[in-house]
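Structure record follows, encoded as structure tokens.
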Amino acid sequence: MTDREIIELIDKSIAEEFELDEAHMKPEALLFIDLELDSLDIVDLVVVLENAFQFKIREEDSIQEIRTLGDIHRFVINKKKELNKQ
Amino acid sequence: MAWPQSIRTKRPVNFLLIPLMNLTALPLMLLWTAVGIFLFPALFFILKTTTRWDAEQITRRLIWVYGRGWLAIMLPFIRFELIGIKQDKIKPPCIYVANHLSFFDIYCLAFLPTFNVSIAIRNWPFKMYWYAPFMHMAGYINVENKKWEEIFEPAARVLSNGGALLFFPEGHRSRNGELQRFYSGAFKLAVETGAKIVPLCIKGTNEVLPPGRWWLSPAKVTIKALEPVNPKSLADSSSHRLIRKTVKNMMRQSLAEMALDPAGNTDVAGSECSL
């Protein structure tokens, strides 16, 4: 899976789950402000990403630092690379 | 200033009713609000000393009466239709979830056959200083920017005391009349408490008072209660996402059916309302 495909899958999964307009799915979009997610949505977001990529991320400390959609892209891409190395 | 199309084309008499409504109903509503605020302390004291209701229940009952007064003022100008609003079907404890079209929605909920409802809403209504003290006394829950635990504790207490909660899962009034995305709070609460969800579909309040407009228009308002959804009846009773999607699909389908009835025909289960 290329980085581009990962990003597209992330955007598609999040847009579908939270019924967001794909035009708003920009890397600089802030999750709480631009995408209007709330704290419960973040829990759902983790489930959505885990289902889409078939790995566990809820115990990762670095998810606490995610603020934007671009942060999610980078997090998942790095996680995939990490898993591929193992 | 353009008249709403449905009024312009279907009910020409409303050219007279609109000014009449705004010249009579608006002042009456302000007067009713002032009277309510003035009488509240005395009524609260009387009920507190003569009943076993706690402060929240007394305030909710008085708010319900206030809401009924609002509706009585509106009755000459708005044709209300209630569908499926039956005591046995929507009896608390339960969680009402309603679509949100107008500030007026909240007053329409005085049609519910129970007064014991706590409303879970965003912060801005708590900024209306003339309502805020009563909202706090009634135990309404401010859900904006709160941690889940801060919402869950008072909400679960309402349900365990036999009350109901009302959520507008869209979070905002719809600007185009379409159902918006649903937030998860009401559905997570249903999963964690086992309380049933009662979907309420509202149609027409955005013709009475749409977001951004300050004058009223006559219209037909329909409120329809759908079949309650018990979290335990779903395939995955632990998934608030599944319940959220199930309820939203039910409401979307029902609102689409209601939209096919622009002439205001009442279906078999419907009833015109009187207070």
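Within each chain, counting starts at residue 1; across the structure tokens, chains are named A, B, ... in the order shown, with ligands numbered 1 upward in that order.
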Quick one: residues within 12 Å of stretch 49-63 of chain A, only C-alpha atoms, excluding same-chain residues fewer than 4 positions away - as a ChimeraX atom specification?
/A:1,5-17,42-45,67-69,71-80,82-84
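Contacts from chain A to chain B at a cut-off of 8 Å (only C-alpha atoms) map to Phe18, Glu19, Leu20, Asp38, Ser39, Leu40, Asp41 and Asp44 of chain A.
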Can you write out as a Markdown table which residues of stretch 134-179 of chain B fall within 8 Å of stretch 45-61 of chain B, alongside each residue's closest atom pair and its distance in Å to one decimal, counting only C-alpha atoms and ordering rows by chain and ascending residue number?
```
| residue | atom | partner | partner_atom | distance |
| --- | --- | --- | --- | --- |
| B:Phe134 | CA | B:Thr59 | CA | 6.8 |
| B:Met137 | CA | B:Glu56 | CA | 5.7 |
| B:Ala138 | CA | B:Glu56 | CA | 4.3 |
| B:Gly139 | CA | B:Glu56 | CA | 6.0 |
```
Could you please take those selected residues and save C-alpha atoms as a PDB file, in the first residue's frame?
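This went into part.pdb:
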```pdb
ATOM      1  CA  PHE B 134     -34.184  27.775  35.200  1.00  0.00           C
ATOM      2  CA  MET B 137     -32.385  24.416  38.297  1.00  0.00           C
ATOM      3  CA  ALA B 138     -33.995  21.854  35.972  1.00  0.00           C
ATOM      4  CA  GLY B 139     -30.719  19.968  35.699  1.00  0.00           C
TER       5      GLY B 139
END
```
Show which residues sit within 12 Å of B:Phe104, as a list in words. Count only C-alpha atoms, and ignore same-chain residues fewer than 6 positions away.
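After dropping sequence-adjacent residues, the list is Gly67, Trp70, Leu71, Met74, Ile78, Ala110, Arg173, Ile202, Lys203, Gly204, Thr205, Asn206, Glu207, Val208, Leu209, Pro210, Pro211, Arg213, Trp214, Trp215, Leu216, Ser217 and Val221 of chain B.
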Output C-alpha atoms for every residue in that selection, as a PDB file, in the first residue's frame.
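What landed in out22.pdb:
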```pdb
ATOM      1  CA  GLY B  67     -43.905  25.494  26.980  1.00  0.00           C
ATOM      2  CA  TRP B  70     -46.080  29.087  24.239  1.00  0.00           C
ATOM      3  CA  LEU B  71     -47.880  26.512  22.142  1.00  0.00           C
ATOM      4  CA  MET B  74     -49.057  29.802  18.647  1.00  0.00           C
ATOM      5  CA  ILE B  78     -49.639  27.046  13.514  1.00  0.00           C
ATOM      6  CA  ALA B 110     -44.093  20.565  25.441  1.00  0.00           C
ATOM      7  CA  ARG B 173     -29.945  23.641  13.715  1.00  0.00           C
ATOM      8  CA  ILE B 202     -39.849  17.323  13.502  1.00  0.00           C
ATOM      9  CA  LYS B 203     -41.027  18.976  10.319  1.00  0.00           C
ATOM     10  CA  GLY B 204     -42.090  22.541   9.646  1.00  0.00           C
ATOM     11  CA  THR B 205     -40.542  24.501  12.518  1.00  0.00           C
ATOM     12  CA  ASN B 206     -38.002  25.925  10.079  1.00  0.00           C
ATOM     13  CA  GLU B 207     -40.900  27.619   8.304  1.00  0.00           C
ATOM     14  CA  VAL B 208     -42.092  29.137  11.570  1.00  0.00           C
ATOM     15  CA  LEU B 209     -38.701  30.427  12.670  1.00  0.00           C
ATOM     16  CA  PRO B 210     -35.642  29.378  10.640  1.00  0.00           C
ATOM     17  CA  PRO B 211     -32.109  30.052  11.865  1.00  0.00           C
ATOM     18  CA  ARG B 213     -34.655  35.081  11.070  1.00  0.00           C
ATOM     19  CA  TRP B 214     -36.399  36.963  13.867  1.00  0.00           C
ATOM     20  CA  TRP B 215     -39.985  37.113  12.657  1.00  0.00           C
ATOM     21  CA  LEU B 216     -42.506  34.290  12.708  1.00  0.00           C
ATOM     22  CA  SER B 217     -44.468  32.706   9.879  1.00  0.00           C
ATOM     23  CA  VAL B 221     -45.640  21.612  12.202  1.00  0.00           C
TER      24      VAL B 221
END
```
Return as a PyMOL selection string the full set of residues in stretch 51-80 of chain A whose backbone-based DSSP assignment is helix (DSSP H, G or I).
chain A and resi 51-53+61-65+69-80
Limited to N, CA and C atoms, could you put the picked residues into a file as a PDB file, in the first residue's frame?
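Full text of again_23.pdb as output:
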```pdb
ATOM      1  N   ASN A  51     -10.105  -0.622  12.285  1.00  0.00           N
ATOM      2  CA  ASN A  51     -10.819  -1.513  11.357  1.00  0.00           C
ATOM      3  C   ASN A  51     -10.292  -1.381   9.928  1.00  0.00           C
ATOM      4  N   ALA A  52      -9.950  -0.148   9.548  1.00  0.00           N
ATOM      5  CA  ALA A  52      -9.493   0.076   8.172  1.00  0.00           C
ATOM      6  C   ALA A  52      -8.112  -0.533   7.933  1.00  0.00           C
ATOM      7  N   PHE A  53      -7.238  -0.492   8.941  1.00  0.00           N
ATOM      8  CA  PHE A  53      -5.844  -0.911   8.734  1.00  0.00           C
ATOM      9  C   PHE A  53      -5.466  -2.186   9.497  1.00  0.00           C
ATOM     10  N   ASP A  61       1.049   5.947  22.664  1.00  0.00           N
ATOM     11  CA  ASP A  61       1.117   7.261  23.330  1.00  0.00           C
ATOM     12  C   ASP A  61       1.044   8.412  22.323  1.00  0.00           C
ATOM     13  N   SER A  62       1.599   8.166  21.139  1.00  0.00           N
ATOM     14  CA  SER A  62       1.711   9.278  20.181  1.00  0.00           C
ATOM     15  C   SER A  62       0.356   9.756  19.641  1.00  0.00           C
ATOM     16  N   ILE A  63      -0.703   8.967  19.830  1.00  0.00           N
ATOM     17  CA  ILE A  63      -2.007   9.458  19.332  1.00  0.00           C
ATOM     18  C   ILE A  63      -2.497  10.667  20.151  1.00  0.00           C
ATOM     19  N   GLN A  64      -1.929  10.821  21.344  1.00  0.00           N
ATOM     20  CA  GLN A  64      -2.315  11.989  22.155  1.00  0.00           C
ATOM     21  C   GLN A  64      -1.889  13.302  21.490  1.00  0.00           C
ATOM     22  N   GLU A  65      -0.888  13.213  20.618  1.00  0.00           N
ATOM     23  CA  GLU A  65      -0.359  14.448  20.005  1.00  0.00           C
ATOM     24  C   GLU A  65      -1.039  14.790  18.685  1.00  0.00           C
ATOM     25  N   LEU A  69      -5.697  16.374  10.544  1.00  0.00           N
ATOM     26  CA  LEU A  69      -5.839  15.205   9.667  1.00  0.00           C
ATOM     27  C   LEU A  69      -4.465  14.764   9.161  1.00  0.00           C
ATOM     28  N   GLY A  70      -3.594  15.743   8.894  1.00  0.00           N
ATOM     29  CA  GLY A  70      -2.236  15.415   8.444  1.00  0.00           C
ATOM     30  C   GLY A  70      -1.469  14.625   9.498  1.00  0.00           C
ATOM     31  N   ASP A  71      -1.713  14.944  10.783  1.00  0.00           N
ATOM     32  CA  ASP A  71      -1.076  14.170  11.869  1.00  0.00           C
ATOM     33  C   ASP A  71      -1.516  12.704  11.795  1.00  0.00           C
ATOM     34  N   ILE A  72      -2.788  12.484  11.473  1.00  0.00           N
ATOM     35  CA  ILE A  72      -3.289  11.100  11.354  1.00  0.00           C
ATOM     36  C   ILE A  72      -2.609  10.404  10.167  1.00  0.00           C
ATOM     37  N   HIS A  73      -2.529  11.110   9.047  1.00  0.00           N
ATOM     38  CA  HIS A  73      -1.845  10.530   7.877  1.00  0.00           C
ATOM     39  C   HIS A  73      -0.435  10.076   8.272  1.00  0.00           C
ATOM     40  N   ARG A  74       0.317  10.972   8.887  1.00  0.00           N
ATOM     41  CA  ARG A  74       1.715  10.668   9.245  1.00  0.00           C
ATOM     42  C   ARG A  74       1.776   9.514  10.255  1.00  0.00           C
ATOM     43  N   PHE A  75       0.863   9.549  11.223  1.00  0.00           N
ATOM     44  CA  PHE A  75       0.856   8.507  12.255  1.00  0.00           C
ATOM     45  C   PHE A  75       0.637   7.123  11.632  1.00  0.00           C
ATOM     46  N   VAL A  76      -0.359   7.026  10.766  1.00  0.00           N
ATOM     47  CA  VAL A  76      -0.684   5.714  10.174  1.00  0.00           C
ATOM     48  C   VAL A  76       0.429   5.269   9.226  1.00  0.00           C
ATOM     49  N   ILE A  77       0.956   6.186   8.433  1.00  0.00           N
ATOM     50  CA  ILE A  77       2.046   5.826   7.503  1.00  0.00           C
ATOM     51  C   ILE A  77       3.246   5.303   8.299  1.00  0.00           C
ATOM     52  N   ASN A  78       3.598   5.996   9.365  1.00  0.00           N
ATOM     53  CA  ASN A  78       4.735   5.553  10.194  1.00  0.00           C
ATOM     54  C   ASN A  78       4.449   4.200  10.842  1.00  0.00           C
ATOM     55  N   LYS A  79       3.234   4.037  11.303  1.00  0.00           N
ATOM     56  CA  LYS A  79       2.854   2.777  11.953  1.00  0.00           C
ATOM     57  C   LYS A  79       2.933   1.619  10.953  1.00  0.00           C
ATOM     58  N   LYS A  80       2.452   1.846   9.732  1.00  0.00           N
ATOM     59  CA  LYS A  80       2.525   0.801   8.705  1.00  0.00           C
ATOM     60  C   LYS A  80       3.980   0.433   8.405  1.00  0.00           C
TER      61      LYS A  80
END
```
Report as a ChimeraX atom specification: the residues of stretch 7-146 of chain B with a DSSP assignment of strand (DSSP E or B), based on the backbone of this structure.
/B:78-83,94-98,117-121,141-142
Could you take the residues named above and write them with N, CA and C atoms, as a compact mmCIF listing (two decimals), in the first residue's frame?
```txt
# COMPACT_ATOMS: atom_id res chain seq x y z
N ILE B 78 -50.38 28.24 13.93
CA ILE B 78 -49.64 27.05 13.51
C ILE B 78 -50.55 25.84 13.64
N ARG B 79 -50.56 25.04 12.57
CA ARG B 79 -51.35 23.81 12.61
C ARG B 79 -50.42 22.70 13.05
N PHE B 80 -50.64 22.18 14.22
CA PHE B 80 -49.79 21.12 14.75
C PHE B 80 -50.39 19.76 14.44
N GLU B 81 -49.52 18.84 14.08
CA GLU B 81 -49.95 17.45 13.88
C GLU B 81 -49.00 16.55 14.67
N LEU B 82 -49.57 15.71 15.50
CA LEU B 82 -48.77 14.79 16.31
C LEU B 82 -49.01 13.37 15.83
N ILE B 83 -47.92 12.65 15.63
CA ILE B 83 -48.05 11.26 15.17
C ILE B 83 -47.27 10.36 16.12
N CYS B 94 -36.17 7.16 29.25
CA CYS B 94 -35.75 6.94 27.87
C CYS B 94 -34.96 8.15 27.39
N ILE B 95 -34.43 8.01 26.20
CA ILE B 95 -33.64 9.11 25.62
C ILE B 95 -34.32 9.53 24.33
N TYR B 96 -34.84 10.76 24.29
CA TYR B 96 -35.42 11.28 23.06
C TYR B 96 -34.30 11.86 22.21
N VAL B 97 -34.31 11.53 20.93
CA VAL B 97 -33.39 12.20 20.00
C VAL B 97 -34.23 12.83 18.89
N ALA B 98 -34.01 14.10 18.65
CA ALA B 98 -34.83 14.83 17.68
C ALA B 98 -33.95 15.54 16.68
N VAL B 117 -38.29 15.91 31.76
CA VAL B 117 -37.28 15.80 30.71
C VAL B 117 -36.14 16.75 31.00
N SER B 118 -34.93 16.22 30.97
CA SER B 118 -33.74 17.06 31.06
C SER B 118 -33.14 17.16 29.66
N ILE B 119 -32.76 18.35 29.29
CA ILE B 119 -32.27 18.55 27.93
C ILE B 119 -30.75 18.64 27.93
N ALA B 120 -30.12 17.88 27.05
CA ALA B 120 -28.66 17.92 26.90
C ALA B 120 -28.34 18.74 25.66
N ILE B 121 -27.76 19.89 25.87
CA ILE B 121 -27.55 20.82 24.75
C ILE B 121 -26.20 21.50 24.84
N ILE B 141 -28.27 19.70 30.89
CA ILE B 141 -26.86 19.33 30.82
C ILE B 141 -26.18 20.06 29.67
N ASN B 142 -25.14 20.79 30.00
CA ASN B 142 -24.33 21.46 28.98
C ASN B 142 -23.29 20.46 28.48
```
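For the atom pair formed by atom CA of A:Leu30 and atom CA of B:Gly171, the distance is 18.4 Å, given to one decimal.
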Close residues, B:Trp130 itself excluded, 12 Å, only C-alpha atoms, min 4 positions apart in chain, as a list in words:
Leu30, Thr33, Ala34, Gly36, Ile37, Phe38, Pro125, Phe126, Phe134, Met135 and His136 of chain B
Could you work out how far atom CA of B:Val65 lies from atom CA of B:Tyr107, giving the answer in Å with one decimal?
10.4 Å
